[in-house]
Amino acid sequence: MSNLTPREIVSELDKFIIGQADAKRMVAIAMRNRWRRQQLPAELRDEISPKNIIMMGPTGVGKTEIARRLAKLSGCPFFKVEATKFTEVGYVGRDVESMIRDLMEIGIALVRKEELDKVKVKAEKNAEEHLLDLLLPSSKPKNPTMAFFNPNANANEAIPLQEENPSEDTNSTREKFRKMWRDGKLDEREIDIEVTVQGGTGVEIMSMPGMEDMGMQVNDMIGNMFPNKKKARKVNIREAYDILIQEESDKLIDMDNVADMARERVEQTGILFLDEIDKIAGRHESSGSTDVSREGVQRDLLPIVEGSVVKTKYGMVKTDHILFISAGAFHYSKPSDLIPELQGRFPLRVELHALGKDEFYRILTEPQNALTVQYKALLETEKITIDYSREALEEVAATAQKINEETENIGARRLYTIMEKILSDLSFEAPDRSGDSIMIDEEYVKEKLKDVIEDRDLSRYIL
């Protein structure tokens, strides 16, 4: 786990997310507390539970982005799920335990990638030797450990099996092929290679709606009952090398060990982001709603958040120390509409503020992955150079604020629609305008947005 200080965590988040200082500070403290907990003695460590967080704020202000960037920064298993996907037990829909199984799959993928990186050099070396064996079967090195016992010798004395050593010419040819391969001169040559195909009957078990997890587990179980098969394929040598690296890497890592490490990481550092939690909050004025019981979903979530054991195909996973970050707009409900037991499991609450013109301008100019940078890079692939004047970006920011106020407020996502509207003609004509340099100024922006700004009703549909 990352040992960044709270100040360093906030500084890293500032590179991608504008504003929302309170939310950044809260998640930074939560992450640092997880690191602090790992430094404690085992008996005290188990007693300290994570302080789960509720983020409140309109859509498009950065709730999901904060959680996603935080998980990437810390290297923790992270999974985002909408609370509206779940239904009360007894109804058709996903059960809440499926999010723990999904988080475990992400943990497995994360740890497996780390283990593959550790054995990458050795796997590449083995793959290269295997590739040369396929190209020159006669040059394949003999196994020096093969031996037979001489009945006239001592009981423990083994005499190596006498086999002819490869000739110097063969070794020389092998090294010539090795050099040609490394120089890229053999990449397009085709060879026959055997690839491993996952065992199974070839028949997919269809699951009932709401029981997809069970269906996947049954398919996995049936697949494990049948041995893997070998299938011949004709591929070029570059593709064959990639296949051999994958196979050699799989041989070098222990999946049982990967599963144990992933389970430990998920239990101790996993982060689950529950979006749209306000949609399952009970609203007294809508008691006659035909929706599947909101309170039922909350009751099913409660034991997961409190701490329970969930069965996965990689073993039992404890949820006691998984950090839950929930988020919702809470336009028509409030956190107090959640059942009291669930409220108590989310002791930290922070409100994210709506974005205005100043924030929109900073979003367009400050982050490393700003929209302006993205569009500039996309058009450079067509050999078109674009640049933006300060006034143009200020006009975009002002337009975004105006349309958000007059129609539905969708936060920073409004910038996507506006930038696409401004640059759509240029994107369409880009292949025919290779080599052009274009300055996006205030007049250019106003011209492209003229119809939308003048027609308020039109902006409701386009933007």
# chains A, B, ... in the order shown; residues from 1 in each chain; ligands from 1
$ select_by_dssp --residues "range 194-438 of chain A" --states "strand (DSSP E)" --output "PyMOL selection string"
chain A and resi 194-197+229-236+271-275+309-312+315-318+323-328+348-351+385-388+437-438
$ write_last_selection --atoms "C-alpha atoms" --output "compact mmCIF listing (two decimals), in the first residue's frame"
# COMPACT_ATOMS: atom_id res chain seq x y z
CA GLU A 194 0.40 -25.56 -30.42
CA VAL A 195 -1.63 -23.35 -28.11
CA THR A 196 -3.43 -24.38 -24.95
CA VAL A 197 -7.23 -24.25 -25.08
CA LYS A 229 -6.41 -29.24 -24.91
CA LYS A 230 -3.73 -28.39 -27.44
CA LYS A 231 -4.73 -26.77 -30.71
CA ALA A 232 -2.45 -26.24 -33.72
CA ARG A 233 -2.31 -22.73 -35.18
CA LYS A 234 -0.32 -21.15 -37.99
CA VAL A 235 0.89 -17.72 -36.89
CA ASN A 236 3.76 -15.39 -37.67
CA ILE A 271 -12.12 -0.18 -1.87
CA LEU A 272 -15.76 -0.53 -2.96
CA PHE A 273 -17.40 2.53 -4.50
CA LEU A 274 -21.19 2.40 -4.17
CA ASP A 275 -22.65 4.93 -6.58
CA VAL A 309 -17.78 -13.53 5.14
CA VAL A 310 -18.60 -13.93 1.44
CA LYS A 311 -17.99 -17.13 -0.45
CA THR A 312 -16.08 -16.75 -3.72
CA GLY A 315 -12.19 -18.92 -0.98
CA MET A 316 -13.95 -17.04 1.79
CA VAL A 317 -13.46 -13.26 1.83
CA LYS A 318 -13.98 -11.16 4.96
CA LEU A 323 -13.38 0.62 2.73
CA PHE A 324 -16.81 1.56 1.39
CA ILE A 325 -17.19 4.94 -0.31
CA SER A 326 -20.74 5.74 -1.34
CA ALA A 327 -21.97 8.63 -3.43
CA GLY A 328 -25.23 10.15 -4.53
CA LEU A 348 -18.08 10.37 7.49
CA ARG A 349 -20.03 12.63 5.16
CA VAL A 350 -18.81 15.34 2.83
CA GLU A 351 -20.64 17.59 0.41
CA THR A 385 -2.28 21.60 -35.09
CA ILE A 386 -4.86 23.40 -32.97
CA ASP A 387 -4.43 25.88 -30.16
CA TYR A 388 -6.83 27.70 -27.89
CA SER A 437 -2.72 25.09 -38.03
CA ILE A 438 -5.91 26.41 -36.48
$ residues_around --residues "range 250-260 of chain A" --least-positions-apart "6" --cutoff "7 Å" --atoms "only C-alpha atoms" --output "list in words"
Ile108, Val111, Arg112, Glu115, Val119 and Tyr314 of chain A
$ write_last_selection --atoms "N, CA, C and O atoms" --output "PDB file, in the first residue's frame"
ATOM      1  N   ILE A 108      -7.446 -10.418  -8.010  1.00  0.00           N
ATOM      2  CA  ILE A 108      -6.693 -11.487  -8.677  1.00  0.00           C
ATOM      3  C   ILE A 108      -5.945 -10.928  -9.885  1.00  0.00           C
ATOM      4  O   ILE A 108      -4.751 -11.198 -10.089  1.00  0.00           O
ATOM      5  N   VAL A 111      -2.927  -8.682  -8.692  1.00  0.00           N
ATOM      6  CA  VAL A 111      -1.781  -9.427  -8.169  1.00  0.00           C
ATOM      7  C   VAL A 111      -1.130 -10.252  -9.278  1.00  0.00           C
ATOM      8  O   VAL A 111       0.097 -10.349  -9.357  1.00  0.00           O
ATOM      9  N   ARG A 112      -1.950 -10.845 -10.140  1.00  0.00           N
ATOM     10  CA  ARG A 112      -1.395 -11.650 -11.243  1.00  0.00           C
ATOM     11  C   ARG A 112      -0.512 -10.793 -12.146  1.00  0.00           C
ATOM     12  O   ARG A 112       0.558 -11.238 -12.585  1.00  0.00           O
ATOM     13  N   GLU A 115       2.776 -10.298 -10.438  1.00  0.00           N
ATOM     14  CA  GLU A 115       3.603 -11.504 -10.489  1.00  0.00           C
ATOM     15  C   GLU A 115       4.157 -11.733 -11.893  1.00  0.00           C
ATOM     16  O   GLU A 115       5.296 -12.179 -12.056  1.00  0.00           O
ATOM     17  N   VAL A 119       8.292 -12.061 -13.299  1.00  0.00           N
ATOM     18  CA  VAL A 119       8.896 -13.175 -14.058  1.00  0.00           C
ATOM     19  C   VAL A 119       9.037 -12.844 -15.541  1.00  0.00           C
ATOM     20  O   VAL A 119       9.345 -13.723 -16.342  1.00  0.00           O
ATOM     21  N   TYR A 314     -12.483 -18.266  -5.030  1.00  0.00           N
ATOM     22  CA  TYR A 314     -11.110 -18.253  -4.547  1.00  0.00           C
ATOM     23  C   TYR A 314     -11.029 -18.428  -3.032  1.00  0.00           C
ATOM     24  O   TYR A 314      -9.963 -18.279  -2.456  1.00  0.00           O
TER      25      TYR A 314
END
$ select_by_dssp --residues "range 213-405 of chain A" --states "helix (DSSP H, G or I)" --output "JSON, numbers by chain"
{"A": [213, 214, 215, 216, 217, 218, 219, 220, 221, 222, 223, 224, 225, 237, 238, 239, 240, 241, 242, 243, 244, 245, 246, 247, 248, 249, 250, 251, 252, 255, 256, 257, 258, 259, 260, 261, 262, 263, 264, 265, 266, 267, 268, 269, 277, 278, 279, 280, 284, 285, 286, 294, 295, 296, 297, 298, 299, 300, 301, 302, 303, 304, 305, 306, 335, 336, 337, 340, 341, 342, 343, 344, 357, 358, 359, 360, 361, 362, 363, 364, 365, 371, 372, 373, 374, 375, 376, 377, 378, 379, 380, 390, 391, 392, 393, 394, 395, 396, 397, 398, 399, 400, 401, 402, 403, 404, 405]}
$ closest_residue --among "A:Met180, A:Gly356, A:Asp432, A:Met419" --to "Lys376 in chain A" --atoms "only C-alpha atoms"
A:Met419
$ residues_around --residues "Ile410 in chain A" --least-positions-apart "2" --cutoff "6 Å" --atoms "only C-alpha atoms" --output "ChimeraX atom specification"
/A:59-60,413
$ residues_around --residues "Thr365 in chain A" --least-positions-apart "2" --cutoff "12 Å" --atoms "only C-alpha atoms" --output "list in words"
Lys15, Phe16, Ile17, Ile18, Asp358, Glu359, Phe360, Tyr361, Arg362, Ile363, Pro367, Gln368, Asn369, Ala370, Leu371, Thr372, Val373, Gln374, Asp387, Tyr388, Ser389, Arg390, Ala392, Leu393, Glu394, Val396 and Ala397 of chain A
$ write_last_selection --atoms "C-alpha atoms" --output "PDB file, in the first residue's frame"
ATOM      1  CA  LYS A  15      -3.421  16.945 -10.801  1.00  0.00           C
ATOM      2  CA  PHE A  16      -6.640  15.392 -12.079  1.00  0.00           C
ATOM      3  CA  ILE A  17      -9.545  16.881 -10.085  1.00  0.00           C
ATOM      4  CA  ILE A  18     -10.341  20.574  -9.697  1.00  0.00           C
ATOM      5  CA  ASP A 358     -14.033  29.434 -12.772  1.00  0.00           C
ATOM      6  CA  GLU A 359     -13.911  25.690 -12.057  1.00  0.00           C
ATOM      7  CA  PHE A 360     -14.801  24.857 -15.661  1.00  0.00           C
ATOM      8  CA  TYR A 361     -11.960  27.056 -16.933  1.00  0.00           C
ATOM      9  CA  ARG A 362      -9.502  25.346 -14.583  1.00  0.00           C
ATOM     10  CA  ILE A 363     -10.788  21.920 -15.689  1.00  0.00           C
ATOM     11  CA  PRO A 367      -5.311  18.756 -15.340  1.00  0.00           C
ATOM     12  CA  GLN A 368      -2.728  16.608 -17.118  1.00  0.00           C
ATOM     13  CA  ASN A 369      -5.501  14.907 -19.084  1.00  0.00           C
ATOM     14  CA  ALA A 370      -7.606  18.028 -19.746  1.00  0.00           C
ATOM     15  CA  LEU A 371     -10.155  17.889 -22.557  1.00  0.00           C
ATOM     16  CA  THR A 372      -8.224  20.508 -24.504  1.00  0.00           C
ATOM     17  CA  VAL A 373      -5.109  18.319 -24.373  1.00  0.00           C
ATOM     18  CA  GLN A 374      -7.095  15.266 -25.479  1.00  0.00           C
ATOM     19  CA  ASP A 387      -4.426  25.880 -30.157  1.00  0.00           C
ATOM     20  CA  TYR A 388      -6.833  27.703 -27.887  1.00  0.00           C
ATOM     21  CA  SER A 389      -6.895  31.317 -26.809  1.00  0.00           C
ATOM     22  CA  ARG A 390      -7.661  32.169 -23.186  1.00  0.00           C
ATOM     23  CA  ALA A 392     -12.056  30.977 -26.157  1.00  0.00           C
ATOM     24  CA  LEU A 393     -11.755  28.737 -23.113  1.00  0.00           C
ATOM     25  CA  GLU A 394     -13.388  31.366 -20.909  1.00  0.00           C
ATOM     26  CA  VAL A 396     -16.598  27.672 -23.225  1.00  0.00           C
ATOM     27  CA  ALA A 397     -16.611  27.773 -19.414  1.00  0.00           C
TER      28      ALA A 397
END
$ residues_around --residues "range 70-75 of chain A" --least-positions-apart "4" --cutoff "12 Å" --atoms "only C-alpha atoms" --output "PyMOL selection string"
chain A and resi 1-6+8-17+23-32+34-35+62-66+79-80+106-107+110-111+113-114+265-266+269-273+323-325
$ residues_around --residues "Leu449 in chain A" --least-positions-apart "5" --cutoff "9 Å" --atoms "only C-alpha atoms" --output "JSON list (two decimals) with C-alpha atoms, in the first residue's frame"
[["chain", "number", "residue", "atom", "x", "y", "z"],
["A", 399, "THR", "CA", -21.43, 28.70, -21.80],
["A", 418, "ILE", "CA", -19.71, 21.69, -25.77],
["A", 421, "LYS", "CA", -20.01, 20.67, -30.71],
["A", 422, "ILE", "CA", -17.20, 23.16, -31.29],
["A", 444, "TYR", "CA", -14.76, 30.66, -33.44],
["A", 454, "GLU", "CA", -29.88, 31.37, -29.09]]
$ residues_around --residues "Ser424 in chain A" --least-positions-apart "3" --cutoff "12 Å" --atoms "only C-alpha atoms" --output "PyMOL selection string"
chain A and resi 375+379+416-421+427-430+445+448-449
$ write_last_selection --atoms "all heavy atoms" --output "short mmCIF file (atom, residue, chain, number, x, y, z; two decimals), in the first residue's frame"
data_model
loop_
_atom_site.label_atom_id
_atom_site.label_comp_id
_atom_site.auth_asym_id
_atom_site.auth_seq_id
_atom_site.Cartn_x
_atom_site.Cartn_y
_atom_site.Cartn_z
N TYR A 375 -8.23 16.64 -27.17
CA TYR A 375 -8.64 16.96 -28.54
C TYR A 375 -7.44 17.38 -29.38
O TYR A 375 -7.35 17.06 -30.57
CB TYR A 375 -9.70 18.07 -28.53
CG TYR A 375 -11.09 17.54 -28.28
CD1 TYR A 375 -11.71 17.69 -27.04
CD2 TYR A 375 -11.80 16.89 -29.27
CE1 TYR A 375 -12.99 17.21 -26.80
CE2 TYR A 375 -13.07 16.39 -29.06
CZ TYR A 375 -13.66 16.56 -27.82
OH TYR A 375 -14.93 16.07 -27.59
N LEU A 379 -6.34 15.36 -32.88
CA LEU A 379 -6.23 15.99 -34.20
C LEU A 379 -4.80 15.98 -34.72
O LEU A 379 -4.57 16.04 -35.94
CB LEU A 379 -6.77 17.41 -34.14
CG LEU A 379 -8.30 17.49 -34.00
CD1 LEU A 379 -8.76 18.90 -33.73
CD2 LEU A 379 -9.00 16.93 -35.24
N TYR A 416 -17.88 18.14 -22.16
CA TYR A 416 -17.73 17.16 -23.24
C TYR A 416 -18.63 17.52 -24.42
O TYR A 416 -18.20 17.51 -25.57
CB TYR A 416 -18.10 15.76 -22.74
CG TYR A 416 -17.06 15.10 -21.87
CD1 TYR A 416 -17.10 15.23 -20.49
CD2 TYR A 416 -16.03 14.34 -22.43
CE1 TYR A 416 -16.14 14.63 -19.68
CE2 TYR A 416 -15.08 13.73 -21.64
CZ TYR A 416 -15.13 13.88 -20.27
OH TYR A 416 -14.18 13.28 -19.47
N THR A 417 -19.88 17.82 -24.12
CA THR A 417 -20.83 18.10 -25.20
C THR A 417 -20.49 19.41 -25.91
O THR A 417 -20.62 19.52 -27.13
CB THR A 417 -22.26 18.17 -24.64
OG1 THR A 417 -22.33 19.17 -23.61
CG2 THR A 417 -22.68 16.85 -24.04
N ILE A 418 -20.04 20.41 -25.15
CA ILE A 418 -19.71 21.69 -25.77
C ILE A 418 -18.46 21.56 -26.65
O ILE A 418 -18.44 22.04 -27.79
CB ILE A 418 -19.51 22.77 -24.69
CG1 ILE A 418 -20.85 23.06 -24.01
CG2 ILE A 418 -18.94 24.04 -25.30
CD1 ILE A 418 -20.76 24.06 -22.88
N MET A 419 -17.41 20.93 -26.14
CA MET A 419 -16.18 20.77 -26.92
C MET A 419 -16.43 19.95 -28.18
O MET A 419 -15.87 20.23 -29.24
CB MET A 419 -15.10 20.12 -26.06
CG MET A 419 -14.55 21.01 -24.96
SD MET A 419 -13.68 22.47 -25.59
CE MET A 419 -12.25 21.71 -26.36
N GLU A 420 -17.28 18.93 -28.07
CA GLU A 420 -17.60 18.12 -29.24
C GLU A 420 -18.36 18.94 -30.27
O GLU A 420 -18.14 18.80 -31.49
CB GLU A 420 -18.42 16.90 -28.82
CG GLU A 420 -18.56 15.84 -29.88
CD GLU A 420 -17.24 15.20 -30.29
OE1 GLU A 420 -16.35 15.07 -29.42
OE2 GLU A 420 -17.09 14.86 -31.48
N LYS A 421 -19.26 19.80 -29.80
CA LYS A 421 -20.01 20.67 -30.71
C LYS A 421 -19.09 21.64 -31.43
O LYS A 421 -19.20 21.86 -32.64
CB LYS A 421 -21.06 21.44 -29.90
CG LYS A 421 -21.89 22.43 -30.71
CD LYS A 421 -22.83 21.73 -31.65
CE LYS A 421 -23.72 22.74 -32.39
NZ LYS A 421 -24.54 22.09 -33.42
N SER A 427 -13.26 17.89 -36.84
CA SER A 427 -12.96 16.46 -36.76
C SER A 427 -13.39 15.73 -38.02
O SER A 427 -12.71 14.80 -38.48
CB SER A 427 -13.67 15.85 -35.54
OG SER A 427 -13.16 16.39 -34.35
N PHE A 428 -14.53 16.15 -38.57
CA PHE A 428 -15.04 15.52 -39.79
C PHE A 428 -14.14 15.83 -40.99
O PHE A 428 -13.87 14.97 -41.83
CB PHE A 428 -16.46 16.00 -40.07
CG PHE A 428 -17.11 15.35 -41.25
CD1 PHE A 428 -17.72 14.10 -41.14
CD2 PHE A 428 -17.10 15.97 -42.50
CE1 PHE A 428 -18.31 13.48 -42.23
CE2 PHE A 428 -17.69 15.35 -43.60
CZ PHE A 428 -18.29 14.11 -43.46
N GLU A 429 -13.65 17.08 -41.07
CA GLU A 429 -12.86 17.51 -42.22
C GLU A 429 -11.37 17.25 -42.05
O GLU A 429 -10.59 17.50 -42.98
CB GLU A 429 -13.08 19.02 -42.45
CG GLU A 429 -14.53 19.38 -42.74
CD GLU A 429 -14.77 20.88 -42.61
OE1 GLU A 429 -13.79 21.60 -42.29
OE2 GLU A 429 -15.91 21.32 -42.82
N ALA A 430 -10.96 16.75 -40.89
CA ALA A 430 -9.54 16.62 -40.57
C ALA A 430 -8.73 15.88 -41.62
O ALA A 430 -7.64 16.33 -42.00
CB ALA A 430 -9.38 15.96 -39.20
N VAL A 445 -15.55 30.04 -31.22
CA VAL A 445 -16.44 29.36 -30.27
C VAL A 445 -17.86 29.90 -30.37
O VAL A 445 -18.84 29.13 -30.43
CB VAL A 445 -15.89 29.52 -28.83
CG1 VAL A 445 -16.91 29.00 -27.82
CG2 VAL A 445 -14.57 28.79 -28.67
N LYS A 448 -19.67 28.60 -33.50
CA LYS A 448 -20.08 27.20 -33.44
C LYS A 448 -21.22 26.97 -32.45
O LYS A 448 -22.02 26.04 -32.62
CB LYS A 448 -18.89 26.31 -33.05
CG LYS A 448 -17.76 26.30 -34.07
CD LYS A 448 -18.22 25.72 -35.40
CE LYS A 448 -17.08 25.69 -36.41
NZ LYS A 448 -17.54 25.17 -37.72
N LEU A 449 -21.31 27.82 -31.42
CA LEU A 449 -22.35 27.63 -30.40
C LEU A 449 -23.52 28.58 -30.57
O LEU A 449 -24.43 28.61 -29.74
CB LEU A 449 -21.75 27.82 -29.00
CG LEU A 449 -20.65 26.82 -28.58
CD1 LEU A 449 -20.13 27.17 -27.20
CD2 LEU A 449 -21.18 25.39 -28.60
#
$ atom_distance --atom1 "CA of Ala412 in chain A" --atom2 "CA of Ala281 in chain A"
25.5 Å
